[in-house]
file data_25.pdb (PDB, C-alpha atoms)
ATOM      1  CA  MET W 384     -82.161  90.334 -42.355
ATOM      2  CA  GLY W 385     -79.224  92.563 -41.456
ATOM      3  CA  LYS W 386     -78.162  92.817 -37.833
ATOM      4  CA  ILE W 387     -78.047  95.946 -35.683
ATOM      5  CA  GLU W 388     -75.145  95.967 -33.239
ATOM      6  CA  ILE W 389     -74.476  98.548 -30.544
ATOM      7  CA  ILE W 390     -70.770  98.167 -29.747
ATOM      8  CA  GLN W 391     -70.305  98.463 -25.990
ATOM      9  CA  HIS W 392     -66.514  98.073 -25.807
ATOM     10  CA  PRO W 393     -65.179 100.072 -22.809
ATOM     11  CA  LEU W 394     -62.518 101.888 -24.853
ATOM     12  CA  ILE W 395     -65.134 103.033 -27.373
ATOM     13  CA  GLN W 396     -67.516 104.173 -24.660
ATOM     14  CA  HIS W 397     -64.760 106.098 -22.865
ATOM     15  CA  LYS W 398     -63.702 107.891 -26.055
ATOM     16  CA  LEU W 399     -67.323 108.601 -26.921
ATOM     17  CA  THR W 400     -67.670 110.531 -23.660
ATOM     18  CA  ILE W 401     -64.834 112.814 -24.771
ATOM     19  CA  LEU W 402     -66.484 113.318 -28.177
ATOM     20  CA  ARG W 403     -69.754 114.385 -26.588
ATOM     21  CA  ASP W 404     -68.103 117.016 -24.392
ATOM     22  CA  LYS W 405     -68.743 120.447 -25.915
ATOM     23  CA  ASN W 406     -65.356 121.614 -24.592
ATOM     24  CA  THR W 407     -63.347 119.010 -26.555
ATOM     25  CA  SER W 408     -61.065 120.773 -29.048
ATOM     26  CA  CYS W 409     -61.294 120.318 -32.816
ATOM     27  CA  LYS W 410     -57.898 118.583 -32.817
ATOM     28  CA  ASP W 411     -58.873 116.118 -30.089
ATOM     29  CA  PHE W 412     -62.303 115.522 -31.614
ATOM     30  CA  ARG W 413     -60.750 114.693 -34.989
ATOM     31  CA  GLU W 414     -58.214 112.301 -33.475
ATOM     32  CA  ILE W 415     -60.693 110.523 -31.229
ATOM     33  CA  ILE W 416     -63.338 109.979 -33.893
ATOM     34  CA  GLY W 417     -60.631 108.260 -35.960
ATOM     35  CA  GLU W 418     -59.692 106.104 -32.968
ATOM     36  CA  ILE W 419     -63.320 105.108 -32.418
ATOM     37  CA  ALA W 420     -63.649 104.213 -36.113
ATOM     38  CA  MET W 421     -60.554 102.022 -35.837
ATOM     39  CA  LEU W 422     -61.927 100.186 -32.791
ATOM     40  CA  MET W 423     -65.362  99.774 -34.388
ATOM     41  CA  THR W 424     -63.768  98.283 -37.513
ATOM     42  CA  TYR W 425     -62.475  95.448 -35.341
ATOM     43  CA  GLU W 426     -66.079  94.502 -34.558
ATOM     44  CA  ALA W 427     -67.532  95.210 -38.001
ATOM     45  CA  THR W 428     -65.021  92.868 -39.675
ATOM     46  CA  ARG W 429     -65.367  90.008 -37.194
ATOM     47  CA  ASP W 430     -66.981  87.793 -39.850
ATOM     48  CA  LEU W 431     -64.275  88.152 -42.527
ATOM     49  CA  PRO W 432     -63.424  84.679 -43.868
ATOM     50  CA  LEU W 433     -59.986  83.145 -43.290
ATOM     51  CA  VAL W 434     -57.973  80.454 -45.056
ATOM     52  CA  ASP W 435     -55.115  78.317 -43.806
ATOM     53  CA  THR W 436     -51.598  79.186 -44.855
ATOM     54  CA  LYS W 437     -48.066  78.207 -43.896
ATOM     55  CA  VAL W 438     -45.296  80.564 -42.860
ATOM     56  CA  GLU W 439     -41.675  80.006 -41.887
ATOM     57  CA  THR W 440     -40.919  81.417 -38.454
ATOM     58  CA  PRO W 441     -37.331  81.778 -37.128
ATOM     59  CA  ILE W 442     -37.896  78.418 -35.407
ATOM     60  CA  GLY W 443     -39.933  76.328 -37.847
ATOM     61  CA  THR W 444     -43.091  76.093 -39.973
ATOM     62  CA  ALA W 445     -46.396  77.369 -38.613
ATOM     63  CA  THR W 446     -49.868  76.708 -39.970
ATOM     64  CA  THR W 447     -51.693  80.016 -39.574
ATOM     65  CA  LYS W 448     -54.590  82.036 -40.942
ATOM     66  CA  LYS W 449     -54.909  84.902 -43.404
ATOM     67  CA  LEU W 450     -57.798  86.777 -44.961
ATOM     68  CA  ALA W 451     -59.392  84.866 -47.809
ATOM     69  CA  GLY W 452     -58.530  87.413 -50.487
ATOM     70  CA  LYS W 453     -61.473  89.603 -49.552
ATOM     71  CA  LYS W 454     -61.524  92.967 -51.308
ATOM     72  CA  MET W 455     -63.000  95.869 -49.361
ATOM     73  CA  ALA W 456     -63.972  99.459 -50.047
ATOM     74  CA  ILE W 457     -64.481 102.214 -47.496
ATOM     75  CA  VAL W 458     -67.052 104.808 -48.528
ATOM     76  CA  PRO W 459     -67.477 107.885 -46.317
ATOM     77  CA  ILE W 460     -70.547 110.067 -46.658
ATOM     78  CA  LEU W 461     -69.133 113.564 -47.186
ATOM     79  CA  ARG W 462     -68.160 115.449 -45.377
ATOM     80  CA  ALA W 463     -68.185 114.165 -41.809
ATOM     81  CA  GLY W 464     -67.547 110.576 -42.900
ATOM     82  CA  ILE W 465     -64.013 111.576 -43.917
ATOM     83  CA  GLY W 466     -63.180 111.807 -40.222
ATOM     84  CA  MET W 467     -63.585 108.026 -39.882
ATOM     85  CA  VAL W 468     -61.591 106.931 -42.944
ATOM     86  CA  ASP W 469     -58.040 107.018 -41.563
ATOM     87  CA  GLY W 470     -59.051 104.966 -38.541
ATOM     88  CA  VAL W 471     -60.596 102.272 -40.749
ATOM     89  CA  LEU W 472     -57.582 102.294 -43.099
ATOM     90  CA  LYS W 473     -55.255 101.624 -40.174
ATOM     91  CA  MET W 474     -57.078  98.321 -39.750
ATOM     92  CA  ILE W 475     -57.634  97.582 -43.468
ATOM     93  CA  PRO W 476     -54.773  99.352 -45.290
ATOM     94  CA  SER W 477     -55.412  97.571 -48.600
ATOM     95  CA  ALA W 478     -58.996  98.852 -48.883
ATOM     96  CA  ARG W 479     -59.963 101.261 -51.658
ATOM     97  CA  VAL W 480     -61.781 104.477 -50.781
ATOM     98  CA  GLY W 481     -64.809 105.909 -52.558
ATOM     99  CA  HIS W 482     -66.803 109.026 -51.685
ATOM    100  CA  ILE W 483     -70.480 109.947 -51.668
ATOM    101  CA  GLY W 484     -71.453 113.591 -51.225
ATOM    102  CA  LEU W 485     -74.811 114.360 -49.675
ATOM    103  CA  TYR W 486     -76.232 117.362 -47.869
ATOM    104  CA  ARG W 487     -79.429 117.667 -45.912
ATOM    105  CA  ASP W 488     -82.015 120.113 -47.232
ATOM    106  CA  PRO W 489     -82.695 122.413 -44.259
ATOM    107  CA  GLU W 490     -86.380 122.622 -45.081
ATOM    108  CA  THR W 491     -87.293 119.029 -45.882
ATOM    109  CA  LEU W 492     -84.384 117.324 -43.999
ATOM    110  CA  GLU W 493     -84.093 115.066 -47.054
ATOM    111  CA  PRO W 494     -80.635 114.182 -48.472
ATOM    112  CA  VAL W 495     -79.501 115.711 -51.751
ATOM    113  CA  GLU W 496     -76.669 113.959 -53.632
ATOM    114  CA  TYR W 497     -73.999 116.110 -55.247
ATOM    115  CA  TYR W 498     -71.073 113.677 -55.696
ATOM    116  CA  CYS W 499     -70.464 109.940 -56.110
ATOM    117  CA  LYS W 500     -67.087 108.409 -56.963
ATOM    118  CA  LEU W 501     -66.536 104.715 -56.226
ATOM    119  CA  PRO W 502     -63.763 102.249 -57.083
ATOM    120  CA  GLN W 503     -64.156 100.881 -60.621
ATOM    121  CA  ASP W 504     -64.153  97.304 -59.328
ATOM    122  CA  ILE W 505     -66.798  97.996 -56.679
ATOM    123  CA  SER W 506     -68.750  94.930 -57.851
ATOM    124  CA  GLU W 507     -65.863  92.784 -56.568
ATOM    125  CA  ARG W 508     -65.733  94.450 -53.167
ATOM    126  CA  ASP W 509     -67.473  94.435 -49.814
ATOM    127  CA  VAL W 510     -68.361  98.003 -48.848
ATOM    128  CA  LEU W 511     -68.103  99.614 -45.431
ATOM    129  CA  LEU W 512     -70.131 102.836 -45.540
ATOM    130  CA  VAL W 513     -69.160 105.265 -42.756
ATOM    131  CA  ASP W 514     -70.746 108.392 -41.286
ATOM    132  CA  PRO W 515     -70.372 109.587 -37.677
ATOM    133  CA  MET W 516     -74.091 110.281 -37.252
ATOM    134  CA  CYS W 517     -77.275 108.490 -38.274
ATOM    135  CA  ALA W 518     -79.999 111.011 -37.467
ATOM    136  CA  THR W 519     -83.009 110.734 -39.786
ATOM    137  CA  GLY W 520     -81.244 107.941 -41.670
ATOM    138  CA  GLY W 521     -81.929 109.677 -44.980
ATOM    139  CA  SER W 522     -78.293 110.133 -45.997
ATOM    140  CA  ALA W 523     -77.402 106.513 -45.244
ATOM    141  CA  VAL W 524     -80.491 105.204 -47.047
ATOM    142  CA  ASP W 525     -79.733 107.279 -50.145
ATOM    143  CA  ALA W 526     -76.000 106.433 -50.103
ATOM    144  CA  ILE W 527     -76.719 102.712 -49.885
ATOM    145  CA  THR W 528     -79.240 103.025 -52.730
ATOM    146  CA  GLN W 529     -76.547 104.646 -54.895
ATOM    147  CA  ILE W 530     -73.951 102.018 -53.986
ATOM    148  CA  LYS W 531     -76.355  99.158 -54.685
ATOM    149  CA  LYS W 532     -76.727 100.397 -58.270
ATOM    150  CA  ARG W 533     -73.070  99.404 -58.734
ATOM    151  CA  GLU W 534     -73.810  95.899 -57.355
ATOM    152  CA  PRO W 535     -71.136  95.438 -54.653
ATOM    153  CA  LYS W 536     -70.747  92.051 -52.986
ATOM    154  CA  SER W 537     -72.123  93.375 -49.695
ATOM    155  CA  ILE W 538     -72.644  96.589 -47.718
ATOM    156  CA  LYS W 539     -72.239  97.343 -44.011
ATOM    157  CA  PHE W 540     -72.995 100.682 -42.384
ATOM    158  CA  MET W 541     -70.950 102.019 -39.474
ATOM    159  CA  CYS W 542     -71.752 105.157 -37.469
ATOM    160  CA  VAL W 543     -70.738 106.491 -34.080
ATOM    161  CA  ILE W 544     -74.059 107.805 -32.769
ATOM    162  CA  ALA W 545     -77.537 106.929 -34.024
ATOM    163  CA  ALA W 546     -81.086 108.033 -33.299
ATOM    164  CA  PRO W 547     -83.798 105.352 -33.109
ATOM    165  CA  GLU W 548     -85.639 107.069 -35.974
ATOM    166  CA  GLY W 549     -82.578 106.798 -38.237
ATOM    167  CA  ILE W 550     -81.861 103.159 -37.491
ATOM    168  CA  ASP W 551     -85.520 102.288 -37.999
ATOM    169  CA  ALA W 552     -85.630 104.062 -41.383
ATOM    170  CA  LEU W 553     -82.371 102.475 -42.516
ATOM    171  CA  SER W 554     -83.245  98.942 -41.470
ATOM    172  CA  LYS W 555     -86.631  99.191 -43.175
ATOM    173  CA  ALA W 556     -85.215 100.611 -46.422
ATOM    174  CA  HIS W 557     -82.257  98.210 -46.569
ATOM    175  CA  PRO W 558     -82.992  95.161 -44.405
ATOM    176  CA  ASP W 559     -80.005  93.306 -45.885
ATOM    177  CA  VAL W 560     -77.437  95.788 -44.528
ATOM    178  CA  ASP W 561     -75.692  95.182 -41.189
ATOM    179  CA  ILE W 562     -75.569  98.284 -38.961
ATOM    180  CA  PHE W 563     -72.884  99.016 -36.379
ATOM    181  CA  CYS W 564     -72.963 101.979 -33.996
ATOM    182  CA  ALA W 565     -71.359 102.936 -30.695
ATOM    183  CA  ALA W 566     -74.447 104.515 -29.129
ATOM    184  CA  MET W 567     -78.186 104.693 -29.659
ATOM    185  CA  ASP W 568     -79.373 108.033 -28.332
ATOM    186  CA  GLU W 569     -82.771 109.204 -27.149
ATOM    187  CA  LYS W 570     -84.424 110.917 -30.115
ATOM    188  CA  LEU W 571     -84.264 113.652 -32.764
ATOM    189  CA  ASN W 572     -85.156 117.226 -31.921
ATOM    190  CA  GLU W 573     -87.302 119.501 -34.066
ATOM    191  CA  ASN W 574     -84.259 120.442 -36.165
ATOM    192  CA  GLY W 575     -83.344 116.833 -36.925
ATOM    193  CA  TYR W 576     -80.348 116.728 -34.551
ATOM    194  CA  ILE W 577     -79.670 113.740 -32.313
ATOM    195  CA  VAL W 578     -80.399 114.297 -28.600
ATOM    196  CA  PRO W 579     -78.165 114.386 -26.609
ATOM    197  CA  GLY W 580     -75.776 113.624 -29.502
ATOM    198  CA  LEU W 581     -72.565 115.586 -29.927
ATOM    199  CA  GLY W 582     -73.600 118.485 -32.152
ATOM    200  CA  ASP W 583     -72.660 118.739 -35.822
ATOM    201  CA  ALA W 584     -69.915 116.157 -36.385
ATOM    202  CA  GLY W 585     -68.671 117.793 -39.585
ATOM    203  CA  ASP W 586     -68.288 121.200 -37.955
ATOM    204  CA  ARG W 587     -66.479 119.679 -34.980
ATOM    205  CA  ILE W 588     -64.119 117.609 -37.142
ATOM    206  CA  PHE W 589     -63.156 120.441 -39.472
ATOM    207  CA  GLY W 590     -63.529 123.406 -37.116
ATOM    208  CA  THR W 591     -66.065 125.188 -39.285
ATOM    209  CA  LYS W 592     -68.301 126.440 -36.483
TER     210      LYS W 592
END
call {"tool": "encode", "arguments": {"input": "data_25.pdb", "output": "structure tokens"}}
result
Amino acid sequence: MGKIEIIQHPLIQHKLTILRDKNTSCKDFREIIGEIAMLMTYEATRDLPLVDTKVETPIGTATTKKLAGKKMAIVPILRAGIGMVDGVLKMIPSARVGHIGLYRDPETLEPVEYYCKLPQDISERDVLLVDPMCATGGSAVDAITQIKKREPKSIKFMCVIAAPEGIDALSKAHPDVDIFCAAMDEKLNENGYIVPGLGDAGDRIFGTK
């Protein structure tokens, strides 16, 4: 059974307050969501395996640790997920990046896929799927379903703000996927937006509203 972790780090919570503020500029919103993604990556990768290695320091030989050759892929759900990619790459610069394009049908609120491009060696990689919001959970559920068809080694999902309905749907559909988020909000409104949330993350990242 995958775990659900609400990351309560003070730096993340402070930056999240700025994201929620309706007066935060597009530039600041874009920068801060990347910073939050970077800090969340620290927690989401806590279980990466290490192996012993030796390195020559200016003084002598040290027995130290390094990652055990783990290959990773970052997959943002388009378009808002792009805002988290640079922050994750700062922590895992060797990761490959795939993309999954989904939009939410305004009538049914169900996700519709229009694009999927993943690294060719995805079956050799552990995937970190990123999207700032997990509202109904439909986009994350569908994206994970698509990724699983390519048989990756593992999948984790990382979002900034989640609604209980979305996390419940995701954990039921994919109980083997670990979920990381910075805040669990109150509910969804009648339009499928998270309350109190932060509005439309894609519009606020790209300045399209």
call {"tool": "closest_atom_pairs", "arguments": {"input": "data_25.pdb", "of": "region 473-554 of chain W", "to": "region 425-436 of chain W", "cutoff": "10 Å", "atoms": "all atoms listed in the file", "output": "CSV"}}
result
residue,atom,partner,partner_atom,distance
W:Met474,CA,W:Tyr425,CA,7.5
W:Ile475,CA,W:Thr428,CA,9.5
W:Leu511,CA,W:Ala427,CA,8.7
W:Lys539,CA,W:Ala427,CA,7.9
W:Phe540,CA,W:Ala427,CA,8.9
W:Met541,CA,W:Ala427,CA,7.8
call {"tool": "residues_near_point", "arguments": {"input": "data_25.pdb", "point": "(-85.7, 108.1, -29.7)", "cutoff": "9 Å", "atoms": "all atoms listed in the file", "output": "short mmCIF file (atom, residue, chain, number, x, y, z; two decimals) with C-alpha atoms, in the coordinates of the input"}}
result
data_model
loop_
_atom_site.label_atom_id
_atom_site.label_comp_id
_atom_site.auth_asym_id
_atom_site.auth_seq_id
_atom_site.Cartn_x
_atom_site.Cartn_y
_atom_site.Cartn_z
CA ALA W 546 -81.09 108.03 -33.30
CA PRO W 547 -83.80 105.35 -33.11
CA GLU W 548 -85.64 107.07 -35.97
CA MET W 567 -78.19 104.69 -29.66
CA ASP W 568 -79.37 108.03 -28.33
CA GLU W 569 -82.77 109.20 -27.15
CA LYS W 570 -84.42 110.92 -30.12
CA LEU W 571 -84.26 113.65 -32.76
CA ILE W 577 -79.67 113.74 -32.31
CA VAL W 578 -80.40 114.30 -28.60
#
call {"tool": "atom_distance", "arguments": {"input": "data_25.pdb", "atom1": "CA of Arg533 (chain W)", "atom2": "CA of Val458 (chain W)"}}
result
13.0 Å
call {"tool": "closest_atom_pairs", "arguments": {"input": "data_25.pdb", "of": "region 450-563 of chain W", "to": "region 391-411 of chain W", "cutoff": "12 Å", "atoms": "only C-alpha atoms", "output": "JSON lines"}}
result
{"residue": "W:Gly466", "atom": "CA", "partner": "W:Lys410", "partner_atom": "CA", "distance": 11.3}
{"residue": "W:Pro515", "atom": "CA", "partner": "W:Leu402", "partner_atom": "CA", "distance": 10.9}
{"residue": "W:Cys542", "atom": "CA", "partner": "W:Leu399", "partner_atom": "CA", "distance": 11.9}
{"residue": "W:Val543", "atom": "CA", "partner": "W:Leu399", "partner_atom": "CA", "distance": 8.2}
{"residue": "W:Ile544", "atom": "CA", "partner": "W:Leu399", "partner_atom": "CA", "distance": 9.0}
{"residue": "W:Phe563", "atom": "CA", "partner": "W:Gln391", "partner_atom": "CA", "distance": 10.7}
call {"tool": "residues_around", "arguments": {"input": "data_25.pdb", "residues": "Gly417 (chain W)", "least_positions_apart": "5", "cutoff": "10 Å", "atoms": "all atoms listed in the file", "output": "ChimeraX atom specification"}}
result
/W:411-412,422-423,465-473,515
call {"tool": "atom_distance", "arguments": {"input": "data_25.pdb", "atom1": "CA of Leu461 (chain W)", "atom2": "CA of His482 (chain W)"}}
result
6.8 Å
call {"tool": "resolve_selection", "arguments": {"input": "data_25.pdb", "expression": "the PyMOL selection byres ((chain W and resi 446) around 8)", "output": "list in words"}}
result
Asp435, Thr436, Lys437, Val438, Thr444, Ala445, Thr447 and Lys448 of chain W
call {"tool": "write_last_selection", "arguments": {"input": "data_25.pdb", "atoms": "C-alpha atoms", "output": "PDB file, in the frame of the given file"}}
result
ATOM      1  CA  ASP W 435     -55.115  78.317 -43.806  1.00  0.00           C
ATOM      2  CA  THR W 436     -51.598  79.186 -44.855  1.00  0.00           C
ATOM      3  CA  LYS W 437     -48.066  78.207 -43.896  1.00  0.00           C
ATOM      4  CA  VAL W 438     -45.296  80.564 -42.860  1.00  0.00           C
ATOM      5  CA  THR W 444     -43.091  76.093 -39.973  1.00  0.00           C
ATOM      6  CA  ALA W 445     -46.396  77.369 -38.613  1.00  0.00           C
ATOM      7  CA  THR W 447     -51.693  80.016 -39.574  1.00  0.00           C
ATOM      8  CA  LYS W 448     -54.590  82.036 -40.942  1.00  0.00           C
TER       9      LYS W 448
END
call {"tool": "residues_near_point", "arguments": {"input": "data_25.pdb", "point": "(-74.9, 102.0, -48.3)", "cutoff": "9 Å", "atoms": "only C-alpha atoms", "output": "ChimeraX atom specification"}}
result
/W:458,510-513,523-531,538-540,557,560
call {"tool": "atom_distance", "arguments": {"input": "data_25.pdb", "atom1": "CA of Lys500 (chain W)", "atom2": "CA of Cys517 (chain W)"}}
result
21.3 Å
call {"tool": "resolve_selection", "arguments": {"input": "data_25.pdb", "expression": "the PyMOL selection byres ((chain W and resi 493) around 12)", "output": "PyMOL selection string"}}
result
chain W and resi 485-492+494-496+518-525+575
call {"tool": "residues_around", "arguments": {"input": "data_25.pdb", "residues": "Pro558 (chain W)", "least_positions_apart": "4", "cutoff": "10 Å", "atoms": "all atoms listed in the file", "output": "list in words"}}
result
Met384, Gly385, Lys386, Asp551, Ala552, Leu553, Ser554 and Ile562 of chain W
call {"tool": "closest_residue", "arguments": {"input": "data_25.pdb", "among": "W:Met516, W:Leu450, W:Leu501, W:Met455", "to": "Gly585 (chain W)", "atoms": "all atoms listed in the file"}}
result
W:Met516
call {"tool": "closest_residue", "arguments": {"input": "data_25.pdb", "among": "W:Asp586, W:Ser537, W:Arg413, W:Ile419", "to": "Ala565 (chain W)", "atoms": "all atoms listed in the file"}}
result
W:Ile419
call {"tool": "residues_around", "arguments": {"input": "data_25.pdb", "residues": "Lys536 (chain W)", "least_positions_apart": "3", "cutoff": "7 Å", "atoms": "only C-alpha atoms", "output": "MDAnalysis selection string"}}
result
chainID W and resid 506:509
call {"tool": "write_last_selection", "arguments": {"input": "data_25.pdb", "atoms": "C-alpha atoms", "output": "JSON list (two decimals), in the frame of the given file"}}
result
[["chain", "number", "residue", "atom", "x", "y", "z"],
["W", 506, "SER", "CA", -68.75, 94.93, -57.85],
["W", 507, "GLU", "CA", -65.86, 92.78, -56.57],
["W", 508, "ARG", "CA", -65.73, 94.45, -53.17],
["W", 509, "ASP", "CA", -67.47, 94.44, -49.81]]
